[in-house]
Amino acid sequence: MSITLKCIEEFNFYIPTKVVFKIEGLKEIKSYTLGKKPFIVTGKSSSRKNGALEFVSECFPNGVIFDEVEENPSTETCDKGSKLCRKEGCDWVICIGGGSPIDAGKCIAGLATNEGICDNYFGRDLFKNSPLPILAIPTTAGTGSEVTPYAVITDRKANTKKTVADTGIFPKVALLDPTLTLTMSREVTLSTALDALSQCMEGVVSKKSTPITDALALEGCKVLRRYLPLLLNNLHDVKIRAMVMYASLLSGIVIAHTGTTLVHALGYYYTLNYSIPHGIANALFLIPMFKRNHKYLPEKVRMLFYAISEDLSLSDNGNIECALKNFFEEIGFSYKAQDWGVENTRFHEFAESLFNDSYRFRNQYGSFDVNELKEIFEESYSGK
Ligand code: NAP
C-alpha cells in the first residue's frame, strides 16, 4: 500500500471569542457583563416564547430591547437597530436567537460606533472604530455565528445576501446553553443542523482549509451523523441537543477560518426566491457539489465519506453521494428541491447571475461555467 506523505507548511488559527458551553448556562449571564447598558437584539417571537428574553431583561433592567429581526435579516433592520442603539446610548450588545438575530446584532454593534449605513460595510474589515462588545446567545444549533466574524445580511434591492466580515464583530463571549434549543420544532432543528453539516463539509474542501479546521470539521460531521438521527426522535432530550449544539459550534469555528464555498452561494437562490430555510437550501446542494468536489479533492472527500458513512464495509465503495443519500433518508430529509417548492423555470438565470459573481468562487476548487452551474441546479431539483 502506498503512503501519501502529508506536508503541513503553513496555517493560522485565531478565535478571540470566549466560549462558555453549559446546560442551563443562561442563569450565569450576569458573569459575562460587557458594559453598562446593553442593547438586546432578538427575533420576533421565539425568545419571548421560551422565556430567554424575559430572563435576560430581568438581569439587565436598563437594557433596550430590539425584537424586530426577521429571518435572513435585511440592511434596513440593521440600520434601524443601530440608530436606536446609538440614540439610547447602549455600550454593548446581547444577541439572543438563531443566526438571524445574532448576525443582525453583530452588524448593529459595528454600525453603532461607525458612520453610515449597513450598505457601506459589505466587505472585509471596513469598520474604522471598534464595534461595541458582543455577547452572543444562540437558540438554534446550526450556524455557529456566535464564533464567527461574519454577519450575513440580505440586500433586498439586489435580492441577494452579502457579508459584513470584520474581526471586530467576533463576539467577545458566546454563551451556549443547550436548554435554549429545546423549543425548536422538528423542522427548525433539521434545517439548522443541516447548516452545520454543510459548513463542516464545505470547510474541509475550502481553499482556506487548515489541518485544525479539518480536524474540527470531521469531528462535527461525525457528531451530526451520530446524534442528529437520535435527536429527531428525541427532540426534548437536552443531552442530545447539547451534542448537536457542540457540532454547530465546531462548524462556526471552521467557517470563521475557511469561509463557505459554492454550496452556500447556490443555496441563497433557493432561500431568496422560494423562501427555503437557509440550512435546507444548503443541504439541497450537498450531493451535486460533493460529487464534483470529489473530482478535485478525492482524498478530502473520502475523509468526509468516512465521517458521514455508517457503512464502513465500503459496500458503496467510498461514494460520498451514497453516504449522503443514506444519511438524508435516515433523517427523513428529501434532497430533491422540487419537494420543497422550488420551480425549475429560472435555473439559467440563476446560473448566469452566479457565474458573474466571482466573489462566490473564492474558496471553491474547480472551474464552473454557466452550463455546469445550471446542471447543478437541475440535479438538486430532481435529486438525480
Ligand atoms: P433563524 O433565521 O435565526 O431562525 C429561524 C426560525 O427559528 C425563526 O422563526 C426563529 O424565531 C426560530 N427560532 C430560533 N430559535 C428558536 C428556538 N429556540 N425555538 C423555536 N424557534 C426558534 O435561523 P438560523 O438557521 O439559526 O439562522 C440563519 C441565518 O444565519 C441566515 O441568515 C444565515 O445566512 C445566517 N448564518 C450566519 C453565519 C455567520 O457566521 N454569521 C453562519 C451561518 C448562517 P424568531 O422569529 O423568533 O427569530
# chains A, B, ... in the order shown; residues from 1 in each chain; ligands from 1
$ residues_near_ligand --ligand "ligand 1" --cutoff "6 Å" --atoms "only C-alpha atoms and all ligand atoms" --output "PyMOL selection string"
chain A and resi 43-47+70-72+97-101+103+139-140+143-145+148+150-152+180-181+183-184+188+192+278
$ select_by_dssp --residues "stretch 102-167 of chain A" --states "strand (DSSP E)" --output "list of chain:residue names"
A:Gly123, A:Arg124, A:Ile134, A:Leu135, A:Ala136, A:Ile137, A:Pro138, A:Tyr150, A:Ala151, A:Val152, A:Ile153, A:Thr154, A:Asp155, A:Thr160, A:Lys161, A:Lys162, A:Thr163, A:Val164, A:Ala165
$ residues_around --residues "stretch 353-355 of chain A" --least-positions-apart "5" --cutoff "8 Å" --atoms "only C-alpha atoms" --output "list of chain:residue names"
A:Ala265, A:Leu266, A:Arg360, A:Phe368, A:Asp369, A:Val370, A:Leu373
$ write_last_selection --atoms "N, CA, C and O atoms" --output "PDB file, in the first residue's frame"
ATOM      1  N   ALA A 265     -23.401  29.676  -1.765  1.00  0.00           N
ATOM      2  CA  ALA A 265     -23.759  30.634  -2.812  1.00  0.00           C
ATOM      3  C   ALA A 265     -24.976  30.146  -3.600  1.00  0.00           C
ATOM      4  O   ALA A 265     -25.877  30.920  -3.942  1.00  0.00           O
ATOM      5  N   LEU A 266     -25.025  28.848  -3.868  1.00  0.00           N
ATOM      6  CA  LEU A 266     -26.164  28.266  -4.592  1.00  0.00           C
ATOM      7  C   LEU A 266     -27.418  28.330  -3.721  1.00  0.00           C
ATOM      8  O   LEU A 266     -28.508  28.685  -4.192  1.00  0.00           O
ATOM      9  N   ARG A 360     -18.152  34.631  -5.173  1.00  0.00           N
ATOM     10  CA  ARG A 360     -18.745  33.384  -4.665  1.00  0.00           C
ATOM     11  C   ARG A 360     -17.845  32.165  -4.912  1.00  0.00           C
ATOM     12  O   ARG A 360     -18.087  31.094  -4.386  1.00  0.00           O
ATOM     13  N   PHE A 368     -16.168  26.304 -13.050  1.00  0.00           N
ATOM     14  CA  PHE A 368     -17.594  26.073 -13.301  1.00  0.00           C
ATOM     15  C   PHE A 368     -18.081  27.088 -14.322  1.00  0.00           C
ATOM     16  O   PHE A 368     -17.967  28.295 -14.090  1.00  0.00           O
ATOM     17  N   ASP A 369     -18.607  26.609 -15.463  1.00  0.00           N
ATOM     18  CA  ASP A 369     -19.196  27.554 -16.403  1.00  0.00           C
ATOM     19  C   ASP A 369     -20.714  27.597 -16.181  1.00  0.00           C
ATOM     20  O   ASP A 369     -21.261  26.877 -15.333  1.00  0.00           O
ATOM     21  N   VAL A 370     -21.376  28.433 -16.963  1.00  0.00           N
ATOM     22  CA  VAL A 370     -22.829  28.617 -16.750  1.00  0.00           C
ATOM     23  C   VAL A 370     -23.564  27.292 -16.917  1.00  0.00           C
ATOM     24  O   VAL A 370     -24.470  26.961 -16.138  1.00  0.00           O
ATOM     25  N   LEU A 373     -23.160  25.135 -13.862  1.00  0.00           N
ATOM     26  CA  LEU A 373     -23.925  25.670 -12.720  1.00  0.00           C
ATOM     27  C   LEU A 373     -25.418  25.352 -12.901  1.00  0.00           C
ATOM     28  O   LEU A 373     -26.107  24.967 -11.960  1.00  0.00           O
TER      29      LEU A 373
END
$ select_by_dssp --residues "stretch 261-292 of chain A" --states "helix (DSSP H, G or I)" --output "list in words"
Leu262, Val263, His264, Ala265, Leu266, Gly267, Tyr268, Tyr269, Tyr270, Thr271, Leu272, Asn273, Tyr274, His278, Gly279, Ile280, Ala281, Asn282, Ala283, Leu286, Ile287, Pro288, Met289, Phe290, Lys291 and Arg292 of chain A
$ closest_residue --among "A:Trp92, A:Phe66, A:Tyr14, A:Trp340" --to "A:Pro149" --atoms "only C-alpha atoms"
A:Tyr14
$ atom_distance --atom1 "atom CA of A:Lys49" --atom2 "atom CA of A:Thr179"
13.4 Å
$ atom_distance --atom1 "atom CA of A:Phe170" --atom2 "atom CA of A:Ala283"
25.8 Å
$ decode --residues "stretch 333-353 of chain A" --atoms "C-alpha atoms" --output "PDB file, in the first residue's frame"
ATOM      1  CA  PHE A 333     -34.886  14.788   4.555  1.00  0.00           C
ATOM      2  CA  SER A 334     -35.857  14.925   0.897  1.00  0.00           C
ATOM      3  CA  TYR A 335     -32.810  16.024  -1.079  1.00  0.00           C
ATOM      4  CA  LYS A 336     -34.979  16.870  -4.115  1.00  0.00           C
ATOM      5  CA  ALA A 337     -35.535  20.624  -4.311  1.00  0.00           C
ATOM      6  CA  GLN A 338     -38.805  20.040  -6.174  1.00  0.00           C
ATOM      7  CA  ASP A 339     -40.227  18.615  -2.936  1.00  0.00           C
ATOM      8  CA  TRP A 340     -39.504  21.930  -1.200  1.00  0.00           C
ATOM      9  CA  GLY A 341     -41.415  24.154  -3.620  1.00  0.00           C
ATOM     10  CA  VAL A 342     -38.511  25.123  -5.863  1.00  0.00           C
ATOM     11  CA  GLU A 343     -39.505  25.664  -9.517  1.00  0.00           C
ATOM     12  CA  ASN A 344     -37.216  24.740 -12.393  1.00  0.00           C
ATOM     13  CA  THR A 345     -38.039  27.730 -14.593  1.00  0.00           C
ATOM     14  CA  ARG A 346     -35.223  30.123 -13.668  1.00  0.00           C
ATOM     15  CA  PHE A 347     -32.125  27.959 -13.410  1.00  0.00           C
ATOM     16  CA  HIS A 348     -30.426  29.514 -16.408  1.00  0.00           C
ATOM     17  CA  GLU A 349     -30.933  32.999 -14.964  1.00  0.00           C
ATOM     18  CA  PHE A 350     -29.589  31.867 -11.550  1.00  0.00           C
ATOM     19  CA  ALA A 351     -26.605  30.150 -13.166  1.00  0.00           C
ATOM     20  CA  GLU A 352     -25.712  33.278 -15.133  1.00  0.00           C
ATOM     21  CA  SER A 353     -26.082  35.516 -12.112  1.00  0.00           C
TER      22      SER A 353
END
